>>> print(open('final.cif').read())   # mmCIF, C-alpha atoms
data_data
loop_
_atom_site.label_atom_id
_atom_site.label_comp_id
_atom_site.auth_asym_id
_atom_site.auth_seq_id
_atom_site.Cartn_x
_atom_site.Cartn_y
_atom_site.Cartn_z
CA MET A 1 69.14 19.47 74.83
CA TRP A 2 69.75 16.06 73.28
CA SER A 3 73.45 16.09 74.11
CA ASN A 4 72.56 16.94 77.70
CA TYR A 5 70.15 14.00 77.83
CA ILE A 6 72.75 11.65 76.37
CA ALA A 7 75.41 12.86 78.81
CA THR A 8 73.07 12.36 81.78
CA SER A 9 72.03 8.87 80.77
CA LEU A 10 75.69 7.99 80.11
CA PHE A 11 76.51 8.90 83.72
CA TYR A 12 73.78 6.62 85.09
CA GLY A 13 74.87 3.85 82.73
CA ILE A 14 78.46 4.09 83.92
CA ALA A 15 77.34 4.22 87.55
CA GLY A 16 75.24 1.08 87.01
CA VAL A 17 78.18 -0.73 85.43
CA ILE A 18 80.41 0.24 88.37
CA VAL A 19 77.90 -0.93 90.98
CA ILE A 20 77.12 -4.22 89.16
CA PHE A 21 80.77 -5.13 88.67
CA SER A 22 81.64 -4.18 92.25
CA ILE A 23 78.87 -6.48 93.49
CA LEU A 24 80.20 -9.24 91.22
CA SER A 25 83.69 -8.65 92.52
CA VAL A 26 82.66 -9.14 96.16
CA THR A 27 80.31 -12.08 95.54
CA LEU A 28 81.88 -14.24 92.81
CA LYS A 29 83.20 -17.61 93.94
CA ASN A 30 86.30 -17.60 91.75
CA ILE A 31 88.58 -14.90 93.11
CA PHE A 32 90.35 -14.51 89.77
CA TYR A 33 87.07 -13.53 88.13
CA SER A 34 86.37 -11.12 90.94
CA ALA A 35 89.73 -9.42 90.31
CA LEU A 36 88.83 -9.13 86.61
CA SER A 37 85.43 -7.60 87.40
CA LEU A 38 87.10 -5.17 89.79
CA ILE A 39 89.20 -4.03 86.79
CA VAL A 40 85.97 -3.19 84.91
CA ALA A 41 84.66 -1.29 87.93
CA LEU A 42 87.92 0.68 88.19
CA LEU A 43 87.69 1.56 84.48
CA GLY A 44 84.17 2.87 85.14
CA ILE A 45 85.50 4.99 88.00
CA ALA A 46 88.10 6.41 85.59
CA ALA A 47 85.18 7.34 83.30
CA ILE A 48 83.49 9.07 86.26
CA TYR A 49 86.68 11.08 86.80
CA ILE A 50 86.58 12.19 83.16
CA TYR A 51 82.95 13.14 83.75
CA LEU A 52 84.09 15.29 86.68
CA ASN A 53 86.68 17.07 84.46
CA ALA A 54 89.60 15.35 86.19
CA GLU A 55 91.37 13.88 83.16
CA PHE A 56 94.70 13.58 84.94
CA LEU A 57 93.17 11.48 87.70
CA ALA A 58 91.50 9.24 85.13
CA LEU A 59 94.90 8.55 83.58
CA ILE A 60 96.44 8.01 87.03
CA GLN A 61 93.60 5.61 87.86
CA ILE A 62 94.17 3.55 84.72
CA LEU A 63 97.97 3.59 85.08
CA ILE A 64 98.29 2.91 88.81
CA TYR A 65 95.15 1.01 89.79
CA ILE A 66 94.61 -1.10 86.68
CA GLY A 67 98.19 -1.17 85.45
CA ALA A 68 100.01 -1.68 88.72
CA ILE A 69 97.83 -2.60 91.71
CA MET A 70 95.51 -5.01 89.90
CA THR A 71 98.43 -6.71 88.14
CA LEU A 72 100.06 -7.14 91.54
CA ILE A 73 96.85 -8.55 93.04
CA ILE A 74 96.44 -11.01 90.16
CA PHE A 75 100.04 -12.10 90.70
CA GLY A 76 99.22 -12.53 94.38
CA ILE A 77 96.17 -14.68 93.52
CA MET A 78 98.22 -16.85 91.20
CA LEU A 79 101.03 -17.24 93.73
CA THR A 80 98.78 -18.31 96.58
CA LEU A 81 95.25 -19.62 95.90
CA LYS A 82 94.33 -22.63 93.86
CA ILE A 83 92.10 -20.59 91.55
CA SER A 84 90.64 -23.50 89.63
CA ASP A 85 89.38 -25.19 92.78
CA LYS A 86 85.59 -24.82 92.64
CA THR A 87 84.89 -26.51 95.96
CA LEU A 88 86.85 -23.98 97.99
CA GLN A 89 84.54 -21.97 100.25
CA GLN A 90 85.26 -18.28 99.54
CA HIS A 91 82.76 -16.64 101.90
CA ASN A 92 82.32 -17.06 105.62
CA LYS A 93 79.08 -17.75 107.46
CA GLN A 94 78.28 -14.12 108.29
CA GLN A 95 76.76 -13.21 104.93
CA GLY A 96 73.23 -12.48 106.14
CA LEU A 97 74.36 -10.30 109.02
CA SER A 98 76.93 -8.50 106.87
CA PHE A 99 74.31 -7.86 104.20
CA LEU A 100 72.02 -6.42 106.87
CA VAL A 101 74.71 -4.14 108.33
CA SER A 102 76.07 -2.84 105.03
CA GLY A 103 72.58 -2.52 103.54
CA ALA A 104 71.41 -0.52 106.56
CA LEU A 105 74.46 1.75 106.28
CA ALA A 106 73.78 2.26 102.55
CA ALA A 107 70.10 3.01 103.22
CA ILE A 108 70.94 5.56 105.94
CA LEU A 109 73.56 7.30 103.78
CA ILE A 110 71.26 7.42 100.74
CA LEU A 111 68.36 8.80 102.80
CA ILE A 112 70.68 11.53 104.13
CA PHE A 113 72.01 12.41 100.68
CA ILE A 114 68.57 12.56 99.08
CA ARG A 115 67.39 15.10 101.65
CA PHE A 116 70.47 17.20 100.99
CA LYS A 117 69.45 19.07 97.87
CA THR A 118 72.53 20.44 96.21
CA THR A 119 73.07 22.89 93.43
CA GLU A 120 74.67 21.90 90.17
CA ALA A 121 78.27 22.59 89.31
CA VAL A 122 78.90 26.29 88.91
CA SER A 123 81.94 26.07 86.70
CA LEU A 124 82.70 23.61 83.95
CA LYS A 125 86.32 24.73 83.72
CA ALA A 126 88.65 21.76 83.84
CA VAL A 127 91.51 21.99 86.30
CA SER A 128 94.54 21.85 84.05
CA LEU A 129 97.47 19.53 84.55
CA ALA A 130 99.75 22.58 84.87
CA ASP A 131 97.72 23.82 87.88
CA ILE A 132 97.98 20.45 89.60
CA GLY A 133 101.72 20.28 88.96
CA LYS A 134 102.26 23.80 90.24
CA GLU A 135 100.29 23.12 93.43
CA LEU A 136 102.08 19.81 93.98
CA LEU A 137 105.50 21.43 93.83
CA THR A 138 104.72 24.59 95.79
CA THR A 139 101.91 24.35 98.38
CA TYR A 140 101.95 20.57 98.73
CA ALA A 141 105.68 19.98 98.27
CA LEU A 142 106.11 18.47 101.75
CA PRO A 143 103.29 15.85 101.43
CA PHE A 144 104.62 15.07 97.95
CA GLU A 145 108.04 14.22 99.39
CA VAL A 146 106.45 12.28 102.26
CA ILE A 147 104.47 10.14 99.82
CA SER A 148 107.66 9.28 97.94
CA ILE A 149 109.29 8.23 101.22
CA ILE A 150 106.22 6.09 102.03
CA LEU A 151 106.45 4.41 98.63
CA LEU A 152 110.18 3.76 99.09
CA ALA A 153 109.54 2.30 102.56
CA ALA A 154 106.73 0.12 101.17
CA LEU A 155 109.04 -1.11 98.40
CA ILE A 156 111.82 -2.09 100.79
CA GLY A 157 109.33 -3.49 103.30
CA ALA A 158 107.65 -5.67 100.67
CA VAL A 159 111.00 -7.09 99.55
CA VAL A 160 112.05 -7.80 103.15
CA ILE A 161 108.71 -9.31 104.25
CA SER A 162 108.28 -11.59 101.25
CA SER A 163 111.90 -12.75 101.18
CA LYS A 164 112.68 -16.39 101.84
CA ASP A 165 113.97 -16.21 105.41
CA MET A 166 110.93 -14.55 106.98
CA MET B 1 74.20 17.96 84.56
CA ILE B 2 74.36 15.55 87.45
CA PRO B 3 73.80 17.05 90.91
CA LEU B 4 76.35 16.46 93.64
CA HIS B 5 74.25 14.09 95.72
CA HIS B 6 74.12 11.52 92.91
CA TYR B 7 77.88 11.21 93.08
CA LEU B 8 77.61 10.88 96.85
CA ILE B 9 74.99 8.13 96.49
CA LEU B 10 77.19 6.24 94.02
CA SER B 11 80.10 6.50 96.39
CA ALA B 12 78.00 5.40 99.39
CA LEU B 13 76.81 2.34 97.44
CA LEU B 14 80.37 1.43 96.48
CA PHE B 15 81.54 1.89 100.07
CA CYS B 16 78.84 -0.43 101.39
CA ILE B 17 79.59 -3.05 98.73
CA GLY B 18 83.23 -2.93 99.79
CA LEU B 19 82.21 -3.20 103.44
CA TYR B 20 80.14 -6.29 102.66
CA GLY B 21 83.14 -7.81 100.88
CA VAL B 22 85.45 -7.11 103.83
CA PHE B 23 82.93 -8.74 106.19
CA THR B 24 82.27 -11.86 104.14
CA ARG B 25 85.43 -12.78 102.21
CA ARG B 26 87.49 -15.59 103.67
CA SER B 27 90.66 -15.08 101.66
CA ALA B 28 92.95 -12.19 102.52
CA ILE B 29 93.27 -11.23 98.85
CA GLY B 30 89.49 -10.90 98.60
CA ILE B 31 89.57 -8.53 101.57
CA LEU B 32 92.28 -6.51 99.80
CA LEU B 33 90.09 -6.29 96.68
CA SER B 34 87.13 -5.04 98.73
CA LEU B 35 89.38 -2.47 100.42
CA GLU B 36 90.29 -1.11 97.00
CA ILE B 37 86.58 -0.62 96.25
CA MET B 38 86.16 1.32 99.51
CA LEU B 39 89.17 3.53 98.77
CA ASN B 40 87.79 4.27 95.31
CA ALA B 41 84.46 5.30 96.83
CA ALA B 42 86.32 7.83 98.98
CA ASN B 43 88.21 9.08 95.93
CA ILE B 44 84.98 9.71 94.00
CA ASN B 45 83.79 11.83 96.92
CA PHE B 46 87.01 13.84 96.94
CA VAL B 47 86.84 14.60 93.22
CA ALA B 48 83.11 15.39 93.30
CA PHE B 49 83.48 17.81 96.21
CA SER B 50 86.52 19.32 94.54
CA LYS B 51 84.46 20.06 91.42
CA PHE B 52 81.33 21.30 93.17
CA VAL B 53 82.71 23.16 96.18
CA THR B 54 86.12 24.49 95.13
CA PRO B 55 86.05 24.53 91.31
CA ASP B 56 89.06 26.83 90.98
CA ASN B 57 91.34 24.98 93.36
CA PRO B 58 92.51 21.43 92.56
CA ILE B 59 93.00 20.51 96.24
CA GLY B 60 90.59 17.55 96.08
CA GLN B 61 92.37 16.10 93.07
CA ILE B 62 95.75 16.49 94.76
CA PHE B 63 94.41 14.68 97.81
CA VAL B 64 93.24 11.84 95.55
CA ILE B 65 96.78 11.55 94.15
CA PHE B 66 98.06 11.07 97.71
CA THR B 67 95.30 8.56 98.47
CA ILE B 68 96.18 6.52 95.40
CA GLY B 69 99.85 6.55 96.41
CA VAL B 70 99.08 5.39 99.96
CA SER B 71 96.71 2.68 98.71
CA ALA B 72 99.40 1.44 96.31
CA ALA B 73 101.80 1.19 99.25
CA ALA B 74 99.12 -0.60 101.28
CA ALA B 75 98.45 -3.11 98.51
CA VAL B 76 102.16 -3.82 98.08
CA VAL B 77 102.82 -4.41 101.78
CA GLY B 78 99.58 -6.35 102.20
CA LEU B 79 100.40 -8.71 99.36
CA ALA B 80 103.92 -9.20 100.70
CA ILE B 81 102.46 -10.17 104.09
CA ILE B 82 99.97 -12.52 102.38
CA VAL B 83 102.75 -14.23 100.41
CA ALA B 84 104.85 -14.61 103.59
CA ILE B 85 101.85 -16.08 105.47
CA TYR B 86 101.14 -18.46 102.59
CA ARG B 87 104.74 -19.63 102.61
CA ASN B 88 104.58 -20.44 106.32
CA TYR B 89 101.02 -21.74 106.77
CA LYS B 90 99.99 -22.87 103.24
CA THR B 91 96.70 -20.97 103.55
CA ILE B 92 95.51 -17.39 103.14
CA PHE B 93 92.06 -17.88 104.61
CA VAL B 94 91.83 -15.43 107.46
CA ASP B 95 89.67 -17.71 109.61
CA GLU B 96 92.42 -20.32 109.60
CA ILE B 97 95.21 -17.89 110.45
CA ASN B 98 94.50 -17.41 114.15
CA ILE B 99 97.88 -17.60 115.86
CA MET B 100 97.48 -14.06 117.20
CA LYS B 101 93.99 -14.68 118.54
CA TRP B 102 94.17 -15.35 122.27
#
>>> encode(input="final.cif", output="structure tokens")
Amino acid sequence: MWSNYIATSLFYGIAGVIVIFSILSVTLKNIFYSALSLIVALLGIAAIYIYLNAEFLALIQILIYIGAIMTLIIFGIMLTLKISDKTLQQHNKQQGLSFLVSGALAAILILIFIRFKTTEAVSLKAVSLADIGKELLTTYALPFEVISIILLAALIGAVVISSKDM
Amino acid sequence: MIPLHHYLILSALLFCIGLYGVFTRRSAIGILLSLEIMLNAANINFVAFSKFVTPDNPIGQIFVIFTIGVSAAAAVVGLAIIVAIYRNYKTIFVDEINIMKW
């Protein structure tokens, strides 16, 4: 009973942390700080994956999103923007309208989801890493190869696009 | 345990926060950051549906692996384009880069 209560409140705590840090990451003036708060939000999403019994995805999230993509984005910020410049305007003049549109979309989606009463999870069995590996190399072997070709193409493309003579 | 629609509400909130960021950010890197939030909202939906609808089949998790791979490729190419634009125009604010706008 008590463990159930603690687990439930932990979920809402993590969800609150994710939402707060995502809001910070889209509204903060200093874009370096917003990248750092996005890292916290991504860590919270990794915790949600653990909550959903997807441990492998949580590790992937930490390794690829936080370890690779966010490092790359921070490098990009440092290579381009003057991050210490406080006077730089970081948001355009459409904030009120954008808030209205995205808030209306959020309200509509939440109203739909609240009406849609769902059952709780039937099975608590975690999908094992061996299952995922087996599926990736048998049923989904073709998409797996395609994704490696996409990554190779992105690698070469990034080197070509960002080289000096472009 | 948490019912499915709470995960969906969390993901809808994250998606709308990302949408707001894409609409309002001036710098291209800020737009890229907001796009990552939107992609993560979609990933939460995939994993939640995978747990609640097909608990014995990891298809949702496998799809999330592909999504993460594609978003990594997108971030890499996007940042390369941003660096190239910065080298040529000395700005990454998308309202100042308007050479392709009639």
>>> residues_around(input="final.cif", residues="Val159 in chain A", least_positions_apart="3", cutoff="12 Å", atoms="all atoms listed in the file", output="PyMOL selection string")
(chain A and resi 152-156+162-166) or (chain B and resi 76-81+83-84)
>>> closest_atom_pairs(input="final.cif", of="chain A", to="chain B", cutoff="6 Å", atoms="all atoms listed in the file", output="CSV")
residue,atom,partner,partner_atom,distance
A:Val26,CA,B:Gly21,CA,4.9
A:Gln90,CA,B:Arg26,CA,5.4
A:His91,CA,B:Arg25,CA,4.7
A:Asn92,CA,B:Thr24,CA,5.4
A:Gln95,CA,B:Thr24,CA,5.7
A:Ser98,CA,B:Tyr20,CA,5.7
A:Ser102,CA,B:Cys16,CA,5.2
A:Ala106,CA,B:Cys16,CA,5.8
A:Ile110,CA,B:Ile9,CA,5.7
A:Phe113,CA,B:His5,CA,5.7
A:Glu120,CA,B:Pro3,CA,5.0
A:Ala121,CA,B:Phe52,CA,5.1
A:Leu151,CA,B:Ala73,CA,5.7
A:Ala154,CA,B:Ala73,CA,5.4
A:Ala158,CA,B:Val77,CA,5.1
A:Ile161,CA,B:Ala80,CA,6.0
A:Ser162,CA,B:Ala80,CA,5.0
>>> residues_around(input="final.cif", residues="range 56-62 of chain A", least_positions_apart="6", cutoff="7 Å", atoms="all atoms listed in the file", output="list in words")
Leu43, Ala46, Ala47, Tyr49, Ile50 and Leu129 of chain A
>>> resolve_selection(input="final.cif", expression="the PyMOL selection byres ((chain A and resi 19) around 8)", output="MDAnalysis selection string")
(chainID A and resid 15:18 20:23 41) or (chainID B and resid 10 13:14)
>>> atom_distance(input="final.cif", atom1="CA of Ser9 in chain A", atom2="CA of Ile45 in chain A")
15.8 Å
>>> atom_distance(input="final.cif", atom1="CA of Tyr51 in chain A", atom2="CA of Phe11 in chain A")
7.7 Å
>>> axis_aligned_box(input="final.cif", around="range 72-78 of chain A", padding_each_side="8 Å", output="AutoDock Vina command-line options")
--center_x 98.1 --center_y -12.0 --center_z 92.3 --size_x 19.9 --size_y 25.7 --size_z 20.2
>>> atom_distance(input="final.cif", atom1="CA of Ile132 in chain A", atom2="CA of Met38 in chain B")
24.6 Å
